[in-house]
$ cat data_7.tsv   # TSV, C-alpha atoms
chain	number	residue	atom	x	y	z
A	248	MET	CA	-24.55	-24.34	10.07
A	249	ASP	CA	-26.16	-23.74	13.49
A	250	LEU	CA	-23.34	-25.43	15.37
A	251	GLU	CA	-20.59	-23.59	13.47
A	252	ILE	CA	-22.30	-20.22	14.00
A	253	LYS	CA	-22.62	-20.84	17.75
A	254	ARG	CA	-18.99	-21.91	17.99
A	255	LEU	CA	-17.63	-18.92	16.08
A	256	ARG	CA	-19.78	-16.49	18.09
A	257	SER	CA	-18.56	-18.01	21.34
A	258	TRP	CA	-14.96	-18.01	20.15
A	259	MET	CA	-15.14	-14.31	19.22
A	260	PHE	CA	-17.01	-12.84	22.15
A	261	ASP	CA	-16.35	-15.25	25.01
A	262	HIS	CA	-12.70	-15.99	24.29
A	263	ALA	CA	-10.81	-14.03	21.62
A	264	LEU	CA	-11.86	-10.50	22.55
A	265	PRO	CA	-11.20	-10.86	26.31
A	266	PHE	CA	-7.96	-12.72	25.56
A	267	TRP	CA	-6.54	-10.04	23.24
A	268	ALA	CA	-7.83	-7.18	25.38
A	269	THR	CA	-5.59	-8.42	28.19
A	270	ARG	CA	-2.72	-10.51	26.80
A	271	GLY	CA	-2.61	-8.55	23.55
A	272	TRP	CA	-1.87	-5.27	25.34
A	273	ASP	CA	1.74	-4.35	26.13
A	274	HIS	CA	1.48	-3.70	29.85
A	275	VAL	CA	5.02	-2.29	30.01
A	276	HIS	CA	5.19	0.15	27.09
A	277	GLY	CA	1.58	0.46	25.91
A	278	GLY	CA	0.10	-0.39	22.53
A	279	PRO	CA	-0.25	-3.93	21.24
A	280	VAL	CA	2.13	-6.83	21.46
A	281	GLU	CA	3.44	-7.96	18.06
A	282	GLU	CA	2.97	-11.64	18.89
A	283	LEU	CA	2.50	-14.16	21.66
A	284	ALA	CA	4.24	-17.48	22.25
A	285	LEU	CA	2.33	-20.57	21.11
A	286	ASP	CA	1.24	-21.22	24.71
A	287	GLY	CA	-0.23	-17.71	24.94
A	288	GLY	CA	2.67	-16.35	26.98
A	289	PRO	CA	4.81	-13.32	26.14
A	290	SER	CA	7.06	-13.21	23.08
A	291	ASP	CA	9.07	-10.21	21.97
A	292	PRO	CA	10.58	-10.17	18.46
A	293	GLY	CA	12.10	-6.74	19.15
A	294	PHE	CA	9.67	-4.71	17.04
A	295	LYS	CA	6.00	-3.96	16.47
A	296	ARG	CA	4.50	-3.41	13.05
A	297	VAL	CA	2.41	-0.26	12.95
A	298	ARG	CA	-0.32	-2.18	11.12
A	299	VAL	CA	-0.84	-4.18	14.34
A	300	PHE	CA	-1.80	-1.01	16.24
A	301	CYS	CA	-4.19	-0.19	13.42
A	302	ARG	CA	-5.77	-3.60	13.19
A	303	GLN	CA	-6.44	-3.75	16.92
A	304	VAL	CA	-8.16	-0.33	16.79
A	305	TYR	CA	-10.38	-1.76	14.06
A	306	VAL	CA	-11.17	-4.98	15.93
A	307	PHE	CA	-12.20	-3.28	19.16
A	308	SER	CA	-14.20	-0.60	17.33
A	309	HIS	CA	-16.13	-3.19	15.34
A	310	ALA	CA	-16.56	-5.37	18.42
A	311	TYR	CA	-18.19	-2.46	20.24
A	312	LEU	CA	-20.53	-1.87	17.30
A	313	LEU	CA	-21.52	-5.55	17.52
A	314	GLY	CA	-22.40	-5.16	21.20
A	315	TRP	CA	-19.16	-5.99	23.03
A	316	GLN	CA	-19.23	-3.08	25.45
A	317	PRO	CA	-15.56	-3.07	26.56
A	318	GLY	CA	-14.60	-2.51	22.93
A	319	VAL	CA	-15.03	1.25	23.11
A	320	THR	CA	-12.49	1.57	25.95
A	321	HIS	CA	-9.94	-0.72	24.29
A	322	ALA	CA	-10.34	0.95	20.90
A	323	ASN	CA	-9.85	4.38	22.45
A	324	THR	CA	-6.76	3.32	24.40
A	325	MET	CA	-5.23	1.60	21.38
A	326	CYS	CA	-5.95	4.56	19.09
A	327	LYS	CA	-4.27	6.95	21.52
A	328	ALA	CA	-1.20	4.69	21.56
A	329	MET	CA	-1.22	4.48	17.76
A	330	VAL	CA	-1.26	8.26	17.38
A	331	ALA	CA	1.29	8.84	20.15
A	332	HIS	CA	3.86	6.35	18.89
A	333	CYS	CA	3.31	5.92	15.14
A	334	TRP	CA	2.17	9.26	13.67
A	335	GLN	CA	5.07	11.26	12.20
A	336	GLY	CA	3.09	14.27	11.02
A	337	SER	CA	1.45	15.19	7.75
A	338	ASP	CA	4.72	15.10	5.75
A	339	LEU	CA	5.72	11.53	6.66
A	340	GLY	CA	2.45	9.98	7.77
A	341	TRP	CA	2.48	6.77	9.77
A	342	ALA	CA	5.70	4.88	10.47
A	343	LYS	CA	6.24	1.29	9.39
A	344	LEU	CA	7.85	-0.22	12.50
A	345	VAL	CA	8.42	0.73	16.10
A	346	ARG	CA	10.68	-0.98	18.62
A	347	SER	CA	9.31	-2.99	21.52
A	348	ASP	CA	9.42	0.21	23.60
A	349	ASN	CA	7.39	2.03	20.89
A	350	GLN	CA	10.25	4.23	19.65
A	351	ILE	CA	10.17	4.53	15.84
A	352	LEU	CA	12.40	1.87	14.26
A	353	ASP	CA	11.51	2.28	10.57
A	354	PRO	CA	10.08	5.66	9.51
A	355	THR	CA	9.37	4.53	5.92
A	356	THR	CA	6.18	6.02	4.52
A	357	ASP	CA	4.51	2.79	3.44
A	358	LEU	CA	1.19	2.62	1.59
A	359	TYR	CA	0.16	-0.62	3.29
A	360	ASP	CA	0.63	0.76	6.79
A	361	ASN	CA	-0.85	4.16	5.99
A	362	ALA	CA	-3.84	2.39	4.44
A	363	PHE	CA	-4.35	0.41	7.62
A	364	ALA	CA	-4.11	3.55	9.72
A	365	LEU	CA	-6.78	5.10	7.51
A	366	PHE	CA	-8.92	1.95	7.77
A	367	SER	CA	-8.68	1.95	11.55
A	368	LEU	CA	-9.57	5.64	11.79
A	369	GLY	CA	-12.57	5.08	9.53
A	370	TRP	CA	-13.85	2.43	11.92
A	371	PHE	CA	-12.91	4.31	15.08
A	372	TYR	CA	-14.78	7.37	13.80
A	373	ARG	CA	-17.99	5.34	13.98
A	374	ILE	CA	-17.68	5.05	17.75
A	375	SER	CA	-15.80	8.32	18.37
A	376	PRO	CA	-16.86	10.87	15.71
A	377	THR	CA	-14.61	13.70	16.87
A	378	PRO	CA	-12.92	16.48	14.83
A	379	ASP	CA	-9.48	15.12	15.85
A	380	VAL	CA	-10.17	11.71	14.32
A	381	LEU	CA	-11.61	13.26	11.17
A	382	ASP	CA	-8.59	15.54	10.83
A	383	LEU	CA	-6.20	12.56	11.05
A	384	MET	CA	-8.24	10.76	8.40
A	385	HIS	CA	-7.94	13.75	6.09
A	386	GLN	CA	-4.21	14.20	6.71
A	387	THR	CA	-3.64	10.50	5.99
A	388	VAL	CA	-5.70	10.37	2.81
A	389	THR	CA	-4.08	13.58	1.58
A	390	LEU	CA	-0.63	12.03	2.11
A	391	ILE	CA	-1.67	8.98	0.07
A	392	ASP	CA	-3.24	11.15	-2.62
A	393	THR	CA	-0.17	13.38	-3.00
A	394	LYS	CA	3.13	12.07	-1.61
A	395	LEU	CA	2.47	8.42	-2.41
A	396	ARG	CA	0.96	9.10	-5.83
A	397	HIS	CA	2.95	7.59	-8.70
A	398	PRO	CA	3.58	9.99	-11.62
A	399	LYS	CA	2.08	7.54	-14.13
A	400	LEU	CA	-0.48	5.25	-12.50
A	401	GLY	CA	-1.66	4.47	-9.02
A	402	PHE	CA	0.52	4.80	-5.94
A	403	TRP	CA	4.02	4.01	-4.74
A	404	HIS	CA	4.01	1.14	-2.26
A	405	GLN	CA	6.62	2.97	-0.17
A	406	ILE	CA	8.91	5.97	-0.03
A	407	PRO	CA	11.83	5.60	-0.42
A	408	VAL	CA	10.90	3.25	-3.27
A	409	LYS	CA	12.26	-0.30	-3.17
A	410	GLY	CA	11.42	-3.41	-5.18
A	411	PRO	CA	8.69	-4.06	-7.77
A	412	ARG	CA	5.30	-2.39	-7.61
A	413	LEU	CA	2.60	-4.24	-5.69
A	414	GLN	CA	-1.16	-4.68	-5.93
A	415	ASN	CA	-1.70	-5.54	-2.25
A	416	PRO	CA	-1.20	-2.04	-0.76
A	417	HIS	CA	-3.60	-0.68	-3.39
A	418	MET	CA	-6.18	-3.24	-2.28
A	419	HIS	CA	-5.93	-2.17	1.35
A	420	ALA	CA	-6.03	1.51	0.35
A	421	LEU	CA	-9.31	0.72	-1.42
A	422	GLU	CA	-10.60	-1.10	1.66
A	423	ALA	CA	-9.64	1.90	3.82
A	424	CYS	CA	-11.29	4.43	1.49
A	425	LEU	CA	-14.51	2.42	1.50
A	426	ALA	CA	-14.50	2.25	5.31
A	427	CYS	CA	-13.93	6.01	5.55
A	428	PHE	CA	-16.53	6.80	2.92
A	429	GLU	CA	-19.08	4.68	4.75
A	430	SER	CA	-18.26	6.58	7.96
A	431	THR	CA	-18.13	10.13	6.57
A	432	GLN	CA	-19.64	10.24	3.04
A	433	ASP	CA	-16.70	12.48	2.14
A	434	PRO	CA	-16.27	12.40	-1.67
A	435	ILE	CA	-12.45	12.26	-1.51
A	436	PHE	CA	-12.69	8.66	-0.31
A	437	ALA	CA	-15.13	7.73	-3.08
A	438	ARG	CA	-12.86	9.32	-5.68
A	439	LEU	CA	-9.78	7.38	-4.59
A	440	ALA	CA	-11.79	4.17	-4.27
A	441	ARG	CA	-13.06	4.49	-7.84
A	442	GLU	CA	-9.52	5.21	-9.06
A	443	ILE	CA	-8.14	2.05	-7.45
A	444	ILE	CA	-11.02	-0.04	-8.80
A	445	GLY	CA	-10.09	1.32	-12.23
A	446	LEU	CA	-6.49	0.16	-11.70
A	447	PHE	CA	-7.74	-3.27	-10.72
A	448	GLN	CA	-9.83	-3.51	-13.86
A	449	SER	CA	-7.16	-2.19	-16.23
A	450	HIS	CA	-3.95	-3.62	-14.75
A	451	PHE	CA	-4.14	-5.92	-11.74
A	452	TYR	CA	-6.78	-8.35	-13.02
A	453	ASP	CA	-6.69	-10.58	-16.09
A	454	PRO	CA	-10.35	-11.21	-17.00
A	455	THR	CA	-9.52	-13.94	-19.50
A	456	ARG	CA	-7.99	-16.14	-16.80
A	457	GLY	CA	-9.66	-14.70	-13.71
A	458	THR	CA	-6.29	-14.06	-12.10
A	459	LEU	CA	-4.98	-11.30	-9.89
A	460	CYS	CA	-1.19	-11.17	-9.74
A	461	GLU	CA	1.02	-9.59	-7.10
A	462	TYR	CA	4.15	-8.04	-8.69
A	463	PHE	CA	4.33	-5.39	-11.39
A	464	ASP	CA	6.79	-3.16	-13.22
A	465	ASP	CA	6.75	0.63	-13.24
A	466	ASN	CA	3.88	0.68	-15.75
A	467	LEU	CA	1.82	-1.77	-13.67
A	468	ASP	CA	2.37	-4.55	-16.18
A	469	ARG	CA	2.99	-8.01	-14.72
A	470	LEU	CA	6.66	-8.81	-14.25
A	471	THR	CA	8.00	-11.11	-16.97
A	472	GLU	CA	9.90	-13.26	-14.45
A	473	GLU	CA	8.12	-16.03	-12.52
A	474	LYS	CA	7.13	-13.72	-9.66
A	475	GLY	CA	4.95	-11.86	-12.16
A	476	SER	CA	2.77	-14.99	-12.34
A	477	TRP	CA	2.39	-15.47	-8.58
A	478	VAL	CA	-1.20	-15.61	-7.38
A	479	GLU	CA	-2.27	-15.58	-3.74
A	480	PRO	CA	-5.72	-17.22	-3.60
A	481	GLY	CA	-6.45	-15.34	-0.39
A	482	HIS	CA	-6.08	-12.07	-2.28
A	483	GLN	CA	-8.39	-13.33	-5.03
A	484	PHE	CA	-11.03	-13.84	-2.36
A	485	GLU	CA	-10.20	-10.63	-0.49
A	486	TRP	CA	-10.50	-8.48	-3.61
A	487	ALA	CA	-13.85	-10.15	-4.38
A	488	TRP	CA	-15.21	-9.12	-0.99
A	489	ILE	CA	-13.84	-5.57	-1.23
A	490	LEU	CA	-15.25	-5.11	-4.73
A	491	ALA	CA	-18.65	-6.36	-3.57
A	492	SER	CA	-18.47	-3.78	-0.75
A	493	ALA	CA	-17.72	-1.10	-3.35
A	494	HIS	CA	-20.77	-2.23	-5.31
A	495	LYS	CA	-22.93	-1.64	-2.23
A	496	LEU	CA	-21.37	1.72	-1.31
A	497	LEU	CA	-20.57	3.25	-4.71
A	498	ASP	CA	-22.85	1.32	-7.06
A	499	VAL	CA	-19.96	0.22	-9.28
A	500	GLU	CA	-20.55	-2.74	-11.57
A	501	VAL	CA	-18.11	-5.47	-10.55
A	502	THR	CA	-20.16	-8.66	-10.66
A	503	ASP	CA	-18.17	-10.31	-13.46
A	504	GLN	CA	-14.86	-9.57	-11.75
A	505	VAL	CA	-16.11	-10.87	-8.39
A	506	LYS	CA	-17.33	-14.08	-10.04
A	507	GLY	CA	-14.05	-14.48	-11.96
A	508	LEU	CA	-11.84	-13.96	-8.93
A	509	ILE	CA	-13.80	-16.46	-6.87
A	510	ALA	CA	-14.06	-19.03	-9.67
A	511	PHE	CA	-10.28	-19.14	-10.15
A	512	GLY	CA	-9.65	-19.13	-6.41
A	513	GLU	CA	-12.06	-22.02	-5.84
A	514	GLU	CA	-10.78	-24.06	-8.79
A	515	LYS	CA	-7.03	-23.67	-8.37
A	516	GLY	CA	-6.50	-22.16	-4.95
A	517	VAL	CA	-8.24	-24.56	-2.56
A	518	ASP	CA	-7.49	-28.10	-1.43
A	519	HIS	CA	-11.02	-29.46	-1.52
A	520	GLY	CA	-10.03	-32.47	0.55
A	521	SER	CA	-9.02	-30.44	3.60
A	522	ALA	CA	-10.83	-27.19	2.60
A	523	ALA	CA	-7.56	-25.26	3.09
A	524	THR	CA	-6.80	-22.29	0.86
A	525	TYR	CA	-3.24	-22.38	-0.48
A	526	ASN	CA	-0.80	-19.57	0.26
A	527	VAL	CA	0.73	-19.01	-3.20
A	528	ILE	CA	0.28	-20.63	-6.61
A	529	LEU	CA	1.18	-19.68	-10.17
A	530	ASP	CA	-1.49	-18.38	-12.52
A	531	ASP	CA	-1.55	-21.83	-14.18
A	532	GLY	CA	-2.33	-23.49	-10.84
A	533	ARG	CA	1.12	-24.90	-10.01
A	534	PHE	CA	2.25	-24.59	-6.39
A	535	VAL	CA	4.66	-22.01	-5.07
A	536	ASP	CA	3.62	-22.50	-1.43
A	537	GLY	CA	1.00	-25.18	-0.85
A	538	GLY	CA	0.82	-24.42	2.86
A	539	SER	CA	-2.04	-22.46	4.36
A	540	ARG	CA	-1.98	-19.61	6.85
A	541	THR	CA	-5.11	-18.58	8.72
A	542	TRP	CA	-5.88	-15.49	6.67
A	543	PRO	CA	-6.48	-17.00	3.20
A	544	ASN	CA	-9.17	-19.18	4.78
A	545	THR	CA	-10.87	-16.21	6.38
A	546	GLU	CA	-10.88	-14.45	3.00
A	547	ARG	CA	-12.60	-17.46	1.45
A	548	LEU	CA	-15.41	-17.00	3.99
A	549	LYS	CA	-15.76	-13.32	3.06
A	550	ALA	CA	-15.78	-14.10	-0.66
A	551	ALA	CA	-18.61	-16.60	-0.22
A	552	VAL	CA	-20.62	-13.98	1.69
A	553	ALA	CA	-19.84	-11.38	-1.00
A	554	LEU	CA	-21.09	-13.65	-3.78
A	555	TYR	CA	-24.22	-14.37	-1.76
A	556	ASP	CA	-24.89	-10.64	-1.32
A	557	LEU	CA	-24.22	-9.96	-4.99
A	558	THR	CA	-25.90	-12.90	-6.73
A	559	GLY	CA	-27.75	-14.95	-4.12
A	560	ALA	CA	-25.39	-17.92	-4.60
A	561	ASP	CA	-25.65	-20.30	-1.64
A	562	PRO	CA	-22.53	-19.72	0.53
A	563	VAL	CA	-23.05	-22.69	2.86
A	564	PRO	CA	-21.02	-25.22	0.79
A	565	VAL	CA	-18.01	-22.90	1.31
A	566	LEU	CA	-18.82	-21.54	4.76
A	567	ARG	CA	-19.38	-24.85	6.53
A	568	PRO	CA	-16.12	-26.67	5.62
A	569	THR	CA	-14.04	-23.49	5.98
A	570	LEU	CA	-15.47	-22.72	9.41
A	571	GLN	CA	-14.93	-26.32	10.48
A	572	LEU	CA	-11.32	-26.14	9.27
A	573	LEU	CA	-10.66	-22.92	11.16
A	574	LEU	CA	-12.43	-23.96	14.35
A	575	ASN	CA	-11.03	-27.52	14.45
A	576	ARG	CA	-7.48	-26.92	13.19
A	577	TYR	CA	-6.38	-23.30	13.55
A	578	LEU	CA	-8.35	-22.17	16.61
A	579	ALA	CA	-8.50	-25.39	18.63
A	580	VAL	CA	-5.73	-24.36	20.99
A	581	GLU	CA	-5.27	-23.63	24.67
A	582	PRO	CA	-5.81	-21.02	25.85
A	583	LEU	CA	-8.87	-20.41	23.69
A	584	GLY	CA	-8.66	-17.13	21.80
A	585	GLY	CA	-5.28	-17.81	20.23
A	586	TRP	CA	-4.43	-19.78	17.10
A	587	VAL	CA	-1.89	-21.79	15.22
A	588	ASP	CA	-1.35	-19.48	12.27
A	589	ALA	CA	0.31	-21.72	9.69
A	590	PHE	CA	0.20	-25.31	8.44
A	591	ASP	CA	2.10	-27.02	5.65
A	592	GLN	CA	0.43	-28.77	2.73
A	593	ALA	CA	0.23	-32.01	4.73
A	594	GLY	CA	-1.63	-30.24	7.53
A	595	GLN	CA	1.30	-30.13	9.96
A	596	PRO	CA	1.70	-26.95	12.06
A	597	THR	CA	4.61	-24.67	11.13
A	598	ALA	CA	3.91	-21.52	13.17
A	599	LYS	CA	6.53	-20.42	15.69
A	600	ALA	CA	4.37	-17.79	17.43
A	601	ILE	CA	0.83	-16.32	17.46
A	602	PRO	CA	0.86	-13.15	15.33
A	603	THR	CA	-1.49	-10.51	16.73
A	604	SER	CA	-2.19	-9.22	13.21
A	605	THR	CA	-4.27	-12.32	12.36
A	606	LEU	CA	-7.12	-11.20	14.65
A	607	TYR	CA	-8.18	-8.60	12.07
A	608	HIS	CA	-8.72	-11.31	9.46
A	609	LEU	CA	-10.59	-13.64	11.80
A	610	PHE	CA	-12.77	-10.96	13.34
A	611	LEU	CA	-13.81	-9.35	10.05
A	612	ALA	CA	-14.58	-12.70	8.41
A	613	PHE	CA	-16.55	-14.00	11.38
A	614	ALA	CA	-18.46	-10.71	11.60
A	615	GLU	CA	-19.40	-11.10	7.93
A	616	VAL	CA	-20.63	-14.65	8.52
A	617	LEU	CA	-22.69	-13.47	11.50
A	618	ARG	CA	-24.13	-10.63	9.41
A	619	VAL	CA	-25.80	-13.08	7.02
A	620	ALA	CA	-26.40	-15.94	9.47
A	621	ASP	CA	-30.05	-15.07	10.16
A	622	ARG	CA	-30.81	-14.80	6.44
A	623	LEU	CA	-29.24	-18.19	5.84
A	624	GLU	CA	-31.24	-19.77	8.65
A	625	ALA	CA	-34.45	-18.30	7.19
A	626	HIS	CA	-33.81	-20.35	4.06

$ encode --input "data_7.tsv" --output "structure tokens"
Amino acid sequence: MDLEIKRLRSWMFDHALPFWATRGWDHVHGGPVEELALDGGPSDPGFKRVRVFCRQVYVFSHAYLLGWQPGVTHANTMCKAMVAHCWQGSDLGWAKLVRSDNQILDPTTDLYDNAFALFSLGWFYRISPTPDVLDLMHQTVTLIDTKLRHPKLGFWHQIPVKGPRLQNPHMHALEACLACFESTQDPIFARLAREIIGLFQSHFYDPTRGTLCEYFDDNLDRLTEEKGSWVEPGHQFEWAWILASAHKLLDVEVTDQVKGLIAFGEEKGVDHGSAATYNVILDDGRFVDGGSRTWPNTERLKAAVALYDLTGADPVPVLRPTLQLLLNRYLAVEPLGGWVDAFDQAGQPTAKAIPTSTLYHLFLAFAEVLRVADRLEAH
């Protein structure tokens, strides 16, 4: 593992962070760029997702906490841009999309994007613990707790409401509440986190099969059509890591669920020849999309670390091939610091651009691997 650890550390701190601090900043309008061309040059799709602002605030905040000194400046600049361009006030919360010039394009109050704003503020508060940041955290969580609250169970994924109900925004709201609780110890974040864990246990997760599905009806029952059986292995792994974090922070008992999520993900959701984690399968293991984006592979890393923290299970048999896959296939590009984000099932690249949003997944997963690296070496 020594070689892989050295390579990922160098990729993060020597290449990716400097690359995205310069090329990932919109030097004309401020804020992040939504994407770059595959050669690392500019690419403008005509919009920016608000979650990209949020994710970059997180990355630079965490990078500073890990010793990358420029992170504090970049996090502060990005957070100011996020608030200036994306915050619509306490009644509407954070927008969903802005145009390339940062004017609001889609004002939808979306749980996923508001959760990421909350997540980013929770991390930014660790390096800038000011009343203004805390106030924005409270306004955001209050919006989620009231305006986005569903009258029966859980939360609307967006207002105005459109389409089936979704587990994924709930997952990121849980992740955000845990980050904010760790930063502030405010009980409102613990309360919402416990509520969402309860929804996972009672509705999102099937313990008999170890599956987490994506699409639900108004009562949070799985849709009866095929989409109700869709499983994203990356989300199996991501939930496992988030639940293990909740165990550490809130002392909730989730070991069986973490083991079940990972067991199904490893058995049905990974091509053990290439080590790639599939994008979408059915809950019986059949393929919906046998390709593999970057992020499901990063979530597999985090799940292996989570299981190690929780049970002591050796993560190296998962970490080594997954890191080699990421470093040799996805990240082996010029200029270093970018990536090819998507490959088909045969291992052929399919990405048309470099999405900025992927840095959040890579950085968090690599930070988790580095967190346990010394303990693994001691063994």

$ closest_residue --input "data_7.tsv" --among "A:Lys394, A:His262, A:Lys474, A:Arg346" --to "Val408 (chain A)" --atoms "all atoms listed in the file"
A:Lys394

$ residues_around --input "data_7.tsv" --residues "region 426-434 of chain A" --least-positions-apart "6" --cutoff "7 Å" --atoms "only C-alpha atoms" --output "number ranges by chain"
A: 366, 369-370, 372-373

$ write_last_selection --input "data_7.tsv" --atoms "C-alpha atoms" --output "PDB file, keeping the file's coordinate frame"
ATOM      1  CA  PHE A 366      -8.920   1.950   7.770  1.00  0.00           C
ATOM      2  CA  GLY A 369     -12.570   5.080   9.530  1.00  0.00           C
ATOM      3  CA  TRP A 370     -13.850   2.430  11.920  1.00  0.00           C
ATOM      4  CA  TYR A 372     -14.780   7.370  13.800  1.00  0.00           C
ATOM      5  CA  ARG A 373     -17.990   5.340  13.980  1.00  0.00           C
TER       6      ARG A 373
END

$ atom_distance --input "data_7.tsv" --atom1 "CA of Ala550 (chain A)" --atom2 "CA of Trp486 (chain A)"
8.3 Å

$ closest_residue --input "data_7.tsv" --among "A:Glu479, A:Glu422, A:Asp392, A:Glu624" --to "Phe363 (chain A)" --atoms "all atoms listed in the file"
A:Glu422

$ atom_distance --input "data_7.tsv" --atom1 "CA of Leu574 (chain A)" --atom2 "CA of Ala510 (chain A)"
24.6 Å

$ atom_distance --input "data_7.tsv" --atom1 "CA of Val517 (chain A)" --atom2 "CA of Gly537 (chain A)"
9.4 Å

$ residues_around --input "data_7.tsv" --residues "Leu381 (chain A)" --least-positions-apart "4" --cutoff "8 Å" --atoms "all atoms listed in the file" --output "PyMOL selection string"
chain A and resi 368+372+376-377+385

$ closest_residue --input "data_7.tsv" --among "A:Leu339, A:Leu425, A:Arg302, A:Arg456" --to "Arg438 (chain A)" --atoms "only C-alpha atoms"
A:Leu425

$ closest_residue --input "data_7.tsv" --among "A:Val565, A:Leu285, A:Leu609, A:Arg256" --to "Thr597 (chain A)" --atoms "only C-alpha atoms"
A:Leu285

$ residues_around --input "data_7.tsv" --residues "Gly507 (chain A)" --least-positions-apart "2" --cutoff "12 Å" --atoms "all atoms listed in the file" --output "number ranges by chain"
A: 448, 452-459, 483-484, 486-487, 490, 501-505, 509-514, 550, 554

$ write_last_selection --input "data_7.tsv" --atoms "C-alpha atoms" --output "PDB file, in the frame of the given file"
ATOM      1  CA  GLN A 448      -9.830  -3.510 -13.860  1.00  0.00           C
ATOM      2  CA  TYR A 452      -6.780  -8.350 -13.020  1.00  0.00           C
ATOM      3  CA  ASP A 453      -6.690 -10.580 -16.090  1.00  0.00           C
ATOM      4  CA  PRO A 454     -10.350 -11.210 -17.000  1.00  0.00           C
ATOM      5  CA  THR A 455      -9.520 -13.940 -19.500  1.00  0.00           C
ATOM      6  CA  ARG A 456      -7.990 -16.140 -16.800  1.00  0.00           C
ATOM      7  CA  GLY A 457      -9.660 -14.700 -13.710  1.00  0.00           C
ATOM      8  CA  THR A 458      -6.290 -14.060 -12.100  1.00  0.00           C
ATOM      9  CA  LEU A 459      -4.980 -11.300  -9.890  1.00  0.00           C
ATOM     10  CA  GLN A 483      -8.390 -13.330  -5.030  1.00  0.00           C
ATOM     11  CA  PHE A 484     -11.030 -13.840  -2.360  1.00  0.00           C
ATOM     12  CA  TRP A 486     -10.500  -8.480  -3.610  1.00  0.00           C
ATOM     13  CA  ALA A 487     -13.850 -10.150  -4.380  1.00  0.00           C
ATOM     14  CA  LEU A 490     -15.250  -5.110  -4.730  1.00  0.00           C
ATOM     15  CA  VAL A 501     -18.110  -5.470 -10.550  1.00  0.00           C
ATOM     16  CA  THR A 502     -20.160  -8.660 -10.660  1.00  0.00           C
ATOM     17  CA  ASP A 503     -18.170 -10.310 -13.460  1.00  0.00           C
ATOM     18  CA  GLN A 504     -14.860  -9.570 -11.750  1.00  0.00           C
ATOM     19  CA  VAL A 505     -16.110 -10.870  -8.390  1.00  0.00           C
ATOM     20  CA  ILE A 509     -13.800 -16.460  -6.870  1.00  0.00           C
ATOM     21  CA  ALA A 510     -14.060 -19.030  -9.670  1.00  0.00           C
ATOM     22  CA  PHE A 511     -10.280 -19.140 -10.150  1.00  0.00           C
ATOM     23  CA  GLY A 512      -9.650 -19.130  -6.410  1.00  0.00           C
ATOM     24  CA  GLU A 513     -12.060 -22.020  -5.840  1.00  0.00           C
ATOM     25  CA  GLU A 514     -10.780 -24.060  -8.790  1.00  0.00           C
ATOM     26  CA  ALA A 550     -15.780 -14.100  -0.660  1.00  0.00           C
ATOM     27  CA  LEU A 554     -21.090 -13.650  -3.780  1.00  0.00           C
TER      28      LEU A 554
END

$ closest_residue --input "data_7.tsv" --among "A:Thr569, A:Thr356, A:Asn361, A:Ser375" --to "Pro407 (chain A)" --atoms "all atoms listed in the file"
A:Thr356
